[in-house]
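Let me begin by presenting the structure, written as structure tokens, before commenting on it.
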Amino acid sequence: MSRRLLVSLLVATLLLLLWQALVTLADLPPFILPGPWRVAKALAQNADLILWHAGVTLVEVVIGLTLGTLLGIATALGLAASPVARQLVRPALILTQALPVFALAPILTLWLGYGIWSKILIAVLIIYFPVTSAFSDGLAATPKGWLDLARTMQARPHHMLWRIRVPAAMPALASGLRLAAVYAPIGAVIGEWVGASQGLGYLMLLANGRAKTDLMFAALAVLALMTLVLYRAVGAGCDRLASRFS
Amino acid sequence: MPVFPAPTSRIPPVTGPAIRLAGTARFGTATLFRDAVLELLPGTWTCLLGPSGVGKSTALRLIAGLDTGADFQGDIKALDGSPLTGRVAYMAQSDLLLPWLDLRGNVALGARLRGSPPDWPRIDALIDRLGLAAHARKRPASLSGGQRQRTALARTLMENKAIVLLDEPFSALDARTRADMQDLAAETLAGRTVLMVTHDPGEAARLGARIYLMENNTLTQHPPPAGHPIRAIDDPEMLACQAALLLQLRAAT
């Protein structure tokens, strides 16, 4: 077992013990804060239910992450290729960040309904900016020497973009994707809170309303685990991407 | 003299034109050089020597047609009447190899960037000629400093341009590798008009058919050693010239 994993397990065990100690010593009722053991029992008893809702959230997250990444990459490429697009789109892009996604979620649910598409769109909106911004910054930061060399070689602009600027921006894109992997589940769950009949966000809200706090915590634990696994998977892909191009 | 593999493919002979840069360059209110005249003899090496920050690279970049940030008023032209555009190859202090391409891919970069198919037989022959065949599939991170600069030279040669602009290309190399690279560059770039910017008096004395000194906003010619470049590293004339250049550099305020 690696030292890093051992430390992680030790920290997790310590936190669980602290959690249980808090519940026991403060004599908190289970509907306010259930202990970890009670949450584990709720997870085991409702495994099928939680897994089914987790599957829905996972589908929303994966589709949202894919679409948001593709849209972000396409926007950054458009901005890099056209100074006019840069002038027109950049202010609008920053403006989208002034609008909190929470505020947009109800209207998107109204427009797209209670199905998965409103959640996917919220996930797309929440990751679009970090992906666009990171990739766009990477494309704008190509080392000057490479561009000078390309100019003396009479490079065509689109070849310069694809063969030098895009590969050089891959480490920056990888940073954006890592952020996106963490943000996408947040977007999907926000959508599920606002209006849904399925998904972990919906299950958490339902459990909370019925004072089944242990079930809510169990759903939250699965959501955290899903985000962690997604972050690790995307991170591993990004590490390969960044090392391939740097 | 280092021993490099015998040529397996000849680079088509190219003769470079004479080039003349005349004018004044300013950065805002600061003058980089005033009423300078830099004349490159056709098909030979001209070395532009001077301390850091005096505008040597600016002069080279002006000839290359690259952004300098300076306001240049004057004239830059090839004396054969044809435009400079498209006839210039450029090699910088940093090798500028793309880390995601292997050695072959880096040598083929120019063709790729112009959207034309690379001439792989010629690329492989050139790589072989520069003694890099064993490393053809390696990425730059796996190459030594000397191998990287030889790759950059192969990429420059692949452009097969009549004018070659070298911006301190060997300054980051150790003394032995630098001397080897000077020999190799002199051999492979023969016949081309070469401008080399350097801050090393020894390099200028060894390679320059014409030597310019840039200091205190002015450009002056310094007599080169007798004999044709490339000169032997223990040539007394070359060593005397190196010493004279260094004294002149140190005397400049």
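Residues are named by chain letter and number: chains run A, B, ... in the order of the structure tokens, numbers start at 1 in each chain, and ligands are numbered from 1 in the order shown.
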
#### Entry: Shell of 10 Å around A:Ala141, only C-alpha atoms, local chain residues under 2 positions omitted, as a PyMOL selection string
chain A and resi 135-139+143-144+165+168-169+172

Write a file of the just-selected residues containing all heavy atoms, as a PDB file, in the first residue's frame.
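Dumped everything to part_0.pdb:
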```pdb
ATOM      1  N   PHE A 135      -8.504  27.230 -21.874  1.00  0.00           N
ATOM      2  CA  PHE A 135      -7.974  26.900 -23.205  1.00  0.00           C
ATOM      3  C   PHE A 135      -7.631  28.179 -23.972  1.00  0.00           C
ATOM      4  O   PHE A 135      -6.600  28.262 -24.648  1.00  0.00           O
ATOM      5  CB  PHE A 135      -9.003  26.055 -23.957  1.00  0.00           C
ATOM      6  CG  PHE A 135      -8.456  25.393 -25.200  1.00  0.00           C
ATOM      7  CD1 PHE A 135      -7.152  24.937 -25.269  1.00  0.00           C
ATOM      8  CD2 PHE A 135      -9.266  25.210 -26.306  1.00  0.00           C
ATOM      9  CE1 PHE A 135      -6.656  24.326 -26.404  1.00  0.00           C
ATOM     10  CE2 PHE A 135      -8.788  24.602 -27.456  1.00  0.00           C
ATOM     11  CZ  PHE A 135      -7.480  24.157 -27.507  1.00  0.00           C
ATOM     12  N   SER A 136      -8.507  29.175 -23.827  1.00  0.00           N
ATOM     13  CA  SER A 136      -8.276  30.446 -24.524  1.00  0.00           C
ATOM     14  C   SER A 136      -6.991  31.113 -24.024  1.00  0.00           C
ATOM     15  O   SER A 136      -6.192  31.614 -24.824  1.00  0.00           O
ATOM     16  CB  SER A 136      -9.492  31.352 -24.269  1.00  0.00           C
ATOM     17  OG  SER A 136      -9.403  32.487 -25.046  1.00  0.00           O
ATOM     18  N   ASP A 137      -6.799  31.099 -22.710  1.00  0.00           N
ATOM     19  CA  ASP A 137      -5.560  31.671 -22.153  1.00  0.00           C
ATOM     20  C   ASP A 137      -4.345  30.899 -22.667  1.00  0.00           C
ATOM     21  O   ASP A 137      -3.318  31.487 -22.983  1.00  0.00           O
ATOM     22  CB  ASP A 137      -5.586  31.624 -20.617  1.00  0.00           C
ATOM     23  CG  ASP A 137      -6.554  32.641 -20.035  1.00  0.00           C
ATOM     24  OD1 ASP A 137      -7.040  33.497 -20.809  1.00  0.00           O
ATOM     25  OD2 ASP A 137      -6.839  32.577 -18.834  1.00  0.00           O
ATOM     26  N   GLY A 138      -4.487  29.571 -22.740  1.00  0.00           N
ATOM     27  CA  GLY A 138      -3.384  28.745 -23.252  1.00  0.00           C
ATOM     28  C   GLY A 138      -3.069  29.079 -24.698  1.00  0.00           C
ATOM     29  O   GLY A 138      -1.902  29.196 -25.082  1.00  0.00           O
ATOM     30  N   LEU A 139      -4.108  29.265 -25.490  1.00  0.00           N
ATOM     31  CA  LEU A 139      -3.899  29.580 -26.915  1.00  0.00           C
ATOM     32  C   LEU A 139      -3.261  30.959 -27.095  1.00  0.00           C
ATOM     33  O   LEU A 139      -2.559  31.199 -28.078  1.00  0.00           O
ATOM     34  CB  LEU A 139      -5.236  29.533 -27.662  1.00  0.00           C
ATOM     35  CG  LEU A 139      -5.826  28.138 -27.869  1.00  0.00           C
ATOM     36  CD1 LEU A 139      -7.255  28.231 -28.385  1.00  0.00           C
ATOM     37  CD2 LEU A 139      -4.982  27.333 -28.848  1.00  0.00           C
ATOM     38  N   PRO A 143       4.497  30.390 -26.668  1.00  0.00           N
ATOM     39  CA  PRO A 143       5.802  31.056 -26.609  1.00  0.00           C
ATOM     40  C   PRO A 143       6.118  31.806 -27.916  1.00  0.00           C
ATOM     41  O   PRO A 143       5.930  31.273 -29.011  1.00  0.00           O
ATOM     42  CB  PRO A 143       6.774  29.888 -26.385  1.00  0.00           C
ATOM     43  CG  PRO A 143       5.954  28.876 -25.658  1.00  0.00           C
ATOM     44  CD  PRO A 143       4.572  28.985 -26.246  1.00  0.00           C
ATOM     45  N   LYS A 144       6.584  33.043 -27.744  1.00  0.00           N
ATOM     46  CA  LYS A 144       6.792  33.932 -28.885  1.00  0.00           C
ATOM     47  C   LYS A 144       7.799  33.350 -29.881  1.00  0.00           C
ATOM     48  O   LYS A 144       7.661  33.523 -31.091  1.00  0.00           O
ATOM     49  CB  LYS A 144       7.292  35.281 -28.346  1.00  0.00           C
ATOM     50  CG  LYS A 144       7.239  36.414 -29.328  1.00  0.00           C
ATOM     51  CD  LYS A 144       7.481  37.732 -28.590  1.00  0.00           C
ATOM     52  CE  LYS A 144       7.546  38.877 -29.577  1.00  0.00           C
ATOM     53  NZ  LYS A 144       8.754  38.868 -30.380  1.00  0.00           N
ATOM     54  N   ARG A 165      -0.112  26.289 -31.862  1.00  0.00           N
ATOM     55  CA  ARG A 165      -0.835  26.935 -30.755  1.00  0.00           C
ATOM     56  C   ARG A 165      -1.700  25.942 -29.977  1.00  0.00           C
ATOM     57  O   ARG A 165      -1.736  25.989 -28.749  1.00  0.00           O
ATOM     58  CB  ARG A 165      -1.670  28.096 -31.291  1.00  0.00           C
ATOM     59  CG  ARG A 165      -0.782  29.225 -31.828  1.00  0.00           C
ATOM     60  CD  ARG A 165      -1.592  30.350 -32.411  1.00  0.00           C
ATOM     61  NE  ARG A 165      -2.361  31.052 -31.407  1.00  0.00           N
ATOM     62  CZ  ARG A 165      -3.334  31.917 -31.674  1.00  0.00           C
ATOM     63  NH1 ARG A 165      -3.644  32.170 -32.931  1.00  0.00           N
ATOM     64  NH2 ARG A 165      -3.983  32.507 -30.712  1.00  0.00           N
ATOM     65  N   ALA A 168       0.439  23.516 -27.924  1.00  0.00           N
ATOM     66  CA  ALA A 168       1.088  24.254 -26.837  1.00  0.00           C
ATOM     67  C   ALA A 168       0.090  24.603 -25.727  1.00  0.00           C
ATOM     68  O   ALA A 168       0.480  24.809 -24.580  1.00  0.00           O
ATOM     69  CB  ALA A 168       1.737  25.528 -27.379  1.00  0.00           C
ATOM     70  N   ALA A 169      -1.204  24.674 -26.081  1.00  0.00           N
ATOM     71  CA  ALA A 169      -2.224  25.052 -25.087  1.00  0.00           C
ATOM     72  C   ALA A 169      -2.819  23.846 -24.362  1.00  0.00           C
ATOM     73  O   ALA A 169      -3.683  24.008 -23.501  1.00  0.00           O
ATOM     74  CB  ALA A 169      -3.339  25.842 -25.781  1.00  0.00           C
ATOM     75  N   ALA A 172      -2.805  23.829 -20.544  1.00  0.00           N
ATOM     76  CA  ALA A 172      -3.787  24.782 -20.009  1.00  0.00           C
ATOM     77  C   ALA A 172      -5.199  24.199 -20.108  1.00  0.00           C
ATOM     78  O   ALA A 172      -6.000  24.320 -19.174  1.00  0.00           O
ATOM     79  CB  ALA A 172      -3.710  26.111 -20.776  1.00  0.00           C
TER      80      ALA A 172
END
```

### chain A residues near chain B (7 Å cut-off, only C-alpha atoms) as a PyMOL selection string
chain A and resi 145-146+148-149+152-156+159-160+244-246

### atom CA of B:Cys47 to atom CA of B:Ala243, straight-line distance in Å
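Rounded to one decimal, the two atoms are 15.7 Å apart.
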
### Nearby residues (only C-alpha atoms) at most 10 Å from A:Ile50, same-chain spacing under 2 positions excluded, as a ChimeraX atom specification
/A:42-48,52-55,199-200,203-204,215-216,218-220,222-223

Output file for the residues above (C-alpha atoms, as a PDB file, in the first residue's frame):
```pdb
ATOM      1  CA  ALA A  42     -28.869   3.661   5.340  1.00  0.00           C
ATOM      2  CA  LEU A  43     -26.524   3.266   2.374  1.00  0.00           C
ATOM      3  CA  ALA A  44     -26.640  -0.516   2.604  1.00  0.00           C
ATOM      4  CA  GLN A  45     -30.427  -0.658   3.094  1.00  0.00           C
ATOM      5  CA  ASN A  46     -31.108   1.717   0.169  1.00  0.00           C
ATOM      6  CA  ALA A  47     -28.283   0.634  -2.111  1.00  0.00           C
ATOM      7  CA  ASP A  48     -30.503  -0.104  -5.124  1.00  0.00           C
ATOM      8  CA  TRP A  52     -30.379   4.069  -9.580  1.00  0.00           C
ATOM      9  CA  HIS A  53     -30.489   7.802  -8.770  1.00  0.00           C
ATOM     10  CA  ALA A  54     -26.672   7.985  -8.933  1.00  0.00           C
ATOM     11  CA  GLY A  55     -26.839   6.451 -12.427  1.00  0.00           C
ATOM     12  CA  GLY A 199     -31.102  11.893  -9.562  1.00  0.00           C
ATOM     13  CA  LEU A 200     -29.063  12.198  -6.364  1.00  0.00           C
ATOM     14  CA  LEU A 203     -33.147  12.027  -3.619  1.00  0.00           C
ATOM     15  CA  MET A 204     -31.279  14.280  -1.167  1.00  0.00           C
ATOM     16  CA  LEU A 215     -30.413   8.664   3.607  1.00  0.00           C
ATOM     17  CA  MET A 216     -29.544  12.229   2.593  1.00  0.00           C
ATOM     18  CA  ALA A 218     -25.730   8.414   2.175  1.00  0.00           C
ATOM     19  CA  ALA A 219     -26.707  10.056  -1.162  1.00  0.00           C
ATOM     20  CA  LEU A 220     -24.258  12.879  -0.439  1.00  0.00           C
ATOM     21  CA  VAL A 222     -22.160   8.626  -3.097  1.00  0.00           C
ATOM     22  CA  LEU A 223     -22.180  12.005  -4.874  1.00  0.00           C
TER      23      LEU A 223
END
```

#### Entry: Residue list (strand (DSSP E), DSSP) for stretch 40-221 of chain B, as a PyMOL selection string
chain B and resi 40+45-49+71-78+88-91+163-167+193-198+210-215+218-221

Please produce a file of the residues just selected, as a PDB file, in the first residue's frame, where the atoms kept are C-alpha atoms.
```
ATOM      1  CA  LEU B  40      25.980  41.600 -45.540  1.00  0.00           C
ATOM      2  CA  TRP B  45      29.060  35.115 -42.888  1.00  0.00           C
ATOM      3  CA  THR B  46      28.667  38.496 -41.241  1.00  0.00           C
ATOM      4  CA  CYS B  47      28.920  38.605 -37.463  1.00  0.00           C
ATOM      5  CA  LEU B  48      27.220  41.293 -35.417  1.00  0.00           C
ATOM      6  CA  LEU B  49      28.893  41.571 -32.033  1.00  0.00           C
ATOM      7  CA  ASP B  71      10.264  52.172 -34.475  1.00  0.00           C
ATOM      8  CA  PHE B  72      12.617  51.703 -37.428  1.00  0.00           C
ATOM      9  CA  GLN B  73      13.123  54.400 -39.996  1.00  0.00           C
ATOM     10  CA  GLY B  74      15.264  53.373 -42.894  1.00  0.00           C
ATOM     11  CA  ASP B  75      15.622  50.763 -45.545  1.00  0.00           C
ATOM     12  CA  ILE B  76      16.233  47.014 -45.596  1.00  0.00           C
ATOM     13  CA  LYS B  77      16.742  45.299 -48.910  1.00  0.00           C
ATOM     14  CA  ALA B  78      18.479  42.528 -50.770  1.00  0.00           C
ATOM     15  CA  VAL B  88      14.977  33.874 -44.888  1.00  0.00           C
ATOM     16  CA  ALA B  89      15.595  31.040 -42.430  1.00  0.00           C
ATOM     17  CA  TYR B  90      15.895  31.801 -38.719  1.00  0.00           C
ATOM     18  CA  MET B  91      17.652  30.072 -35.860  1.00  0.00           C
ATOM     19  CA  ILE B 163      19.584  33.987 -46.255  1.00  0.00           C
ATOM     20  CA  VAL B 164      20.118  32.536 -42.793  1.00  0.00           C
ATOM     21  CA  LEU B 165      19.750  34.627 -39.650  1.00  0.00           C
ATOM     22  CA  LEU B 166      21.328  33.212 -36.516  1.00  0.00           C
ATOM     23  CA  ASP B 167      20.500  34.878 -33.201  1.00  0.00           C
ATOM     24  CA  THR B 193      24.295  34.887 -46.782  1.00  0.00           C
ATOM     25  CA  VAL B 194      24.492  34.460 -43.027  1.00  0.00           C
ATOM     26  CA  LEU B 195      24.051  37.070 -40.323  1.00  0.00           C
ATOM     27  CA  MET B 196      25.060  35.838 -36.905  1.00  0.00           C
ATOM     28  CA  VAL B 197      24.335  37.872 -33.821  1.00  0.00           C
ATOM     29  CA  THR B 198      26.717  36.981 -31.025  1.00  0.00           C
ATOM     30  CA  ARG B 210      32.813  40.737 -42.011  1.00  0.00           C
ATOM     31  CA  ILE B 211      32.499  41.796 -38.378  1.00  0.00           C
ATOM     32  CA  TYR B 212      30.351  44.592 -37.018  1.00  0.00           C
ATOM     33  CA  LEU B 213      30.381  45.953 -33.483  1.00  0.00           C
ATOM     34  CA  MET B 214      27.266  47.521 -32.046  1.00  0.00           C
ATOM     35  CA  GLU B 215      27.784  49.721 -29.005  1.00  0.00           C
ATOM     36  CA  THR B 218      26.407  53.054 -33.247  1.00  0.00           C
ATOM     37  CA  LEU B 219      27.467  50.322 -35.603  1.00  0.00           C
ATOM     38  CA  THR B 220      31.104  50.078 -36.657  1.00  0.00           C
ATOM     39  CA  GLN B 221      33.037  47.621 -38.759  1.00  0.00           C
TER      40      GLN B 221
END
```

Kindly provide the residues of stretch 123-158 of chain A that approach stretch 102-114 of chain A to within 12 Å, each paired with its closest atom pair and their distance in Å to one decimal, based on only C-alpha atoms, listed by chain and increasing number, as JSON lines.
```
{"residue": "A:Ala123", "atom": "CA", "partner": "A:Ala105", "partner_atom": "CA", "distance": 10.2}
{"residue": "A:Val124", "atom": "CA", "partner": "A:Ala105", "partner_atom": "CA", "distance": 11.9}
{"residue": "A:Leu125", "atom": "CA", "partner": "A:Leu104", "partner_atom": "CA", "distance": 9.7}
{"residue": "A:Ile126", "atom": "CA", "partner": "A:Phe102", "partner_atom": "CA", "distance": 9.9}
```

### Task
Would you work out the distance separating atom CA of B:Asp128 from atom CA of B:Arg178, expressed in Å to one decimal?
19.8 Å

#### Entry: DSSP alpha helix (DSSP H) residues within stretch 26-59 of chain B, as a PyMOL selection string
chain B and resi 56-59

### Task
Compile the contact shell of B:Ala226 as number ranges by chain: residues with an atom at most 12 Å away, counting only C-alpha atoms, same-chain residues fewer than 2 positions apart removed.
B: 205-210, 223-224, 228-232, 235-241

For the residues in that selection, give me all heavy atoms as a short mmCIF file (atom, residue, chain, number, x, y, z; two decimals), in the first residue's frame.
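Dumped to again-v9.cif:
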```cif
data_model
loop_
_atom_site.label_atom_id
_atom_site.label_comp_id
_atom_site.auth_asym_id
_atom_site.auth_seq_id
_atom_site.Cartn_x
_atom_site.Cartn_y
_atom_site.Cartn_z
N ALA B 205 35.26 36.30 -34.46
CA ALA B 205 36.57 36.24 -35.11
C ALA B 205 36.75 34.95 -35.91
O ALA B 205 37.44 34.91 -36.91
CB ALA B 205 37.67 36.36 -34.05
N ARG B 206 36.12 33.89 -35.45
CA ARG B 206 36.26 32.59 -36.11
C ARG B 206 35.43 32.50 -37.38
O ARG B 206 35.84 31.92 -38.39
CB ARG B 206 35.81 31.52 -35.12
CG ARG B 206 36.45 30.21 -35.40
CD ARG B 206 36.25 29.16 -34.38
NE ARG B 206 36.79 27.97 -35.00
CZ ARG B 206 36.23 26.79 -35.03
NH1 ARG B 206 35.09 26.61 -34.41
NH2 ARG B 206 36.79 25.79 -35.67
N LEU B 207 34.24 33.06 -37.31
CA LEU B 207 33.26 32.82 -38.39
C LEU B 207 33.05 34.00 -39.34
O LEU B 207 32.57 33.82 -40.46
CB LEU B 207 31.91 32.44 -37.77
CG LEU B 207 31.84 31.04 -37.15
CD1 LEU B 207 30.67 30.96 -36.18
CD2 LEU B 207 31.68 29.99 -38.22
N GLY B 208 33.38 35.20 -38.89
CA GLY B 208 32.97 36.37 -39.67
C GLY B 208 33.87 36.68 -40.84
O GLY B 208 35.08 36.84 -40.67
N ALA B 209 33.30 36.79 -42.05
CA ALA B 209 34.03 37.36 -43.18
C ALA B 209 33.97 38.88 -43.04
O ALA B 209 34.80 39.61 -43.56
CB ALA B 209 33.39 36.92 -44.49
N ARG B 210 32.95 39.32 -42.34
CA ARG B 210 32.81 40.74 -42.01
C ARG B 210 32.32 40.79 -40.57
O ARG B 210 31.45 40.01 -40.18
CB ARG B 210 31.82 41.39 -42.97
CG ARG B 210 31.66 42.86 -42.77
CD ARG B 210 30.82 43.47 -43.86
NE ARG B 210 31.64 43.93 -44.97
CZ ARG B 210 31.16 44.70 -45.96
NH1 ARG B 210 29.90 45.04 -45.98
NH2 ARG B 210 31.96 45.10 -46.93
N PRO B 223 37.95 45.14 -38.62
CA PRO B 223 38.61 44.29 -39.62
C PRO B 223 38.64 42.83 -39.17
O PRO B 223 39.05 42.55 -38.04
CB PRO B 223 40.02 44.87 -39.73
CG PRO B 223 40.19 45.75 -38.54
CD PRO B 223 38.84 46.19 -38.10
N PRO B 224 38.22 41.91 -40.04
CA PRO B 224 38.27 40.48 -39.67
C PRO B 224 39.71 39.98 -39.77
O PRO B 224 40.56 40.62 -40.40
CB PRO B 224 37.38 39.82 -40.71
CG PRO B 224 37.50 40.70 -41.90
CD PRO B 224 37.70 42.11 -41.40
N HIS B 228 40.20 32.96 -44.85
CA HIS B 228 38.77 32.75 -44.96
C HIS B 228 38.21 32.00 -43.76
O HIS B 228 38.88 31.12 -43.23
CB HIS B 228 38.48 31.95 -46.24
CG HIS B 228 38.78 32.72 -47.49
ND1 HIS B 228 38.01 33.78 -47.90
CD2 HIS B 228 39.79 32.60 -48.40
CE1 HIS B 228 38.53 34.28 -49.02
NE2 HIS B 228 39.62 33.58 -49.34
N PRO B 229 37.01 32.34 -43.37
CA PRO B 229 36.36 31.54 -42.33
C PRO B 229 35.99 30.18 -42.92
O PRO B 229 35.83 30.09 -44.15
CB PRO B 229 35.11 32.34 -41.97
CG PRO B 229 35.04 33.49 -42.92
CD PRO B 229 36.19 33.46 -43.83
N ILE B 230 35.86 29.19 -42.15
CA ILE B 230 35.97 29.19 -40.71
C ILE B 230 37.43 29.01 -40.31
O ILE B 230 38.17 28.22 -40.92
CB ILE B 230 35.08 28.07 -40.12
CG1 ILE B 230 35.10 28.09 -38.60
CG2 ILE B 230 35.40 26.73 -40.68
CD1 ILE B 230 34.06 27.17 -37.96
N ARG B 231 37.87 29.80 -39.32
CA ARG B 231 39.29 29.79 -38.97
C ARG B 231 39.57 28.77 -37.86
O ARG B 231 38.68 28.49 -37.05
CB ARG B 231 39.69 31.20 -38.52
CG ARG B 231 39.41 32.22 -39.63
CD ARG B 231 39.61 33.65 -39.21
NE ARG B 231 39.26 34.53 -40.34
CZ ARG B 231 38.08 35.11 -40.46
NH1 ARG B 231 37.13 34.92 -39.57
NH2 ARG B 231 37.82 35.88 -41.51
N ALA B 232 40.79 28.29 -37.86
CA ALA B 232 41.17 27.32 -36.82
C ALA B 232 41.11 27.99 -35.46
O ALA B 232 41.40 29.19 -35.34
CB ALA B 232 42.57 26.80 -37.09
N ASP B 235 44.34 29.64 -34.56
CA ASP B 235 44.91 30.56 -35.56
C ASP B 235 45.33 31.85 -34.85
O ASP B 235 44.50 32.52 -34.23
CB ASP B 235 43.82 30.83 -36.61
CG ASP B 235 44.26 31.84 -37.66
OD1 ASP B 235 45.30 32.50 -37.44
OD2 ASP B 235 43.57 31.97 -38.68
N PRO B 236 46.64 32.22 -34.91
CA PRO B 236 47.10 33.42 -34.18
C PRO B 236 46.35 34.69 -34.61
O PRO B 236 46.04 35.54 -33.77
CB PRO B 236 48.58 33.51 -34.55
CG PRO B 236 48.96 32.15 -35.03
CD PRO B 236 47.73 31.53 -35.61
N GLU B 237 46.06 34.82 -35.89
CA GLU B 237 45.34 36.01 -36.37
C GLU B 237 43.94 36.07 -35.74
O GLU B 237 43.45 37.12 -35.35
CB GLU B 237 45.20 35.95 -37.89
CG GLU B 237 46.51 36.12 -38.62
CD GLU B 237 46.59 37.46 -39.32
OE1 GLU B 237 45.74 38.32 -39.05
OE2 GLU B 237 47.50 37.63 -40.14
N MET B 238 43.31 34.90 -35.70
CA MET B 238 41.98 34.82 -35.13
C MET B 238 42.01 35.20 -33.65
O MET B 238 41.18 35.97 -33.16
CB MET B 238 41.43 33.40 -35.31
CG MET B 238 39.95 33.22 -35.05
SD MET B 238 39.49 33.14 -33.32
CE MET B 238 40.04 31.50 -32.88
N LEU B 239 43.01 34.67 -32.95
CA LEU B 239 43.13 34.95 -31.52
C LEU B 239 43.42 36.43 -31.26
O LEU B 239 42.89 37.02 -30.31
CB LEU B 239 44.22 34.07 -30.89
CG LEU B 239 43.89 32.56 -30.88
CD1 LEU B 239 45.11 31.74 -30.45
CD2 LEU B 239 42.72 32.29 -29.94
N ALA B 240 44.23 37.02 -32.13
CA ALA B 240 44.53 38.45 -31.99
C ALA B 240 43.28 39.29 -32.22
O ALA B 240 43.01 40.26 -31.50
CB ALA B 240 45.62 38.85 -32.98
N CYS B 241 42.51 38.88 -33.22
CA CYS B 241 41.26 39.60 -33.52
C CYS B 241 40.29 39.46 -32.34
O CYS B 241 39.64 40.43 -31.94
CB CYS B 241 40.64 39.04 -34.80
SG CYS B 241 39.07 39.81 -35.21
#
```

### Query
B:Ala162: which residues within 6 Å, counting only C-alpha atoms, same-chain residues fewer than 2 positions away excluded, as a ChimeraX atom specification?
/B:14-16,87,192

### Message
With only C-alpha atoms as the counted atoms, please give the residues lying no more than 12 Å from B:Ala251, apart from itself and same-chain residues fewer than 6 positions off, as a PyMOL selection string.
### Response
chain B and resi 50-51+215-216+244-245

### Query
Could you pull the residues within 9 Å of stretch 69-79 of chain A, counting only C-alpha atoms, minus those fewer than 4 positions along the same chain, as JSON, numbers by chain?
{"A": [64, 65, 83, 84, 85, 86, 87, 89, 90, 124, 127, 128, 129, 130, 131, 132, 133, 134, 135, 136, 137, 139, 161, 166, 173, 176, 177, 180]}

Write a file of the selected residues as a PDB file, in the first residue's frame, keeping C-alpha atoms.
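Written out: selection_1.pdb:
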```pdb
ATOM      1  CA  GLY A  64     -22.851  17.779 -19.545  1.00  0.00           C
ATOM      2  CA  LEU A  65     -19.096  17.428 -19.175  1.00  0.00           C
ATOM      3  CA  PRO A  83      -9.781  38.931 -33.476  1.00  0.00           C
ATOM      4  CA  VAL A  84     -13.318  40.125 -34.315  1.00  0.00           C
ATOM      5  CA  ALA A  85     -14.814  37.166 -32.432  1.00  0.00           C
ATOM      6  CA  ARG A  86     -12.496  37.975 -29.518  1.00  0.00           C
ATOM      7  CA  GLN A  87     -13.798  41.530 -29.325  1.00  0.00           C
ATOM      8  CA  VAL A  89     -17.574  37.319 -27.567  1.00  0.00           C
ATOM      9  CA  ARG A  90     -15.154  37.968 -24.687  1.00  0.00           C
ATOM     10  CA  VAL A 124     -22.767  22.711 -19.456  1.00  0.00           C
ATOM     11  CA  ILE A 127     -18.203  24.234 -16.861  1.00  0.00           C
ATOM     12  CA  TYR A 128     -18.279  26.210 -20.107  1.00  0.00           C
ATOM     13  CA  PHE A 129     -16.436  29.227 -18.692  1.00  0.00           C
ATOM     14  CA  PRO A 130     -13.528  27.440 -16.970  1.00  0.00           C
ATOM     15  CA  VAL A 131     -12.879  25.283 -20.044  1.00  0.00           C
ATOM     16  CA  THR A 132     -13.152  28.221 -22.477  1.00  0.00           C
ATOM     17  CA  SER A 133     -11.115  30.519 -20.270  1.00  0.00           C
ATOM     18  CA  ALA A 134      -8.307  28.019 -19.570  1.00  0.00           C
ATOM     19  CA  PHE A 135      -7.974  26.900 -23.205  1.00  0.00           C
ATOM     20  CA  SER A 136      -8.276  30.446 -24.524  1.00  0.00           C
ATOM     21  CA  ASP A 137      -5.560  31.671 -22.153  1.00  0.00           C
ATOM     22  CA  LEU A 139      -3.899  29.580 -26.915  1.00  0.00           C
ATOM     23  CA  LEU A 161      -3.047  27.223 -34.935  1.00  0.00           C
ATOM     24  CA  VAL A 166      -3.285  24.100 -29.995  1.00  0.00           C
ATOM     25  CA  LEU A 173      -6.807  22.905 -21.390  1.00  0.00           C
ATOM     26  CA  GLY A 176      -9.643  23.635 -17.284  1.00  0.00           C
ATOM     27  CA  LEU A 177     -10.858  20.049 -17.644  1.00  0.00           C
ATOM     28  CA  ALA A 180     -14.792  21.030 -15.094  1.00  0.00           C
TER      29      ALA A 180
END
```

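A straight line drawn from atom CA of B:Ala136 to atom CA of B:Ala154 is 11.5 Å long.
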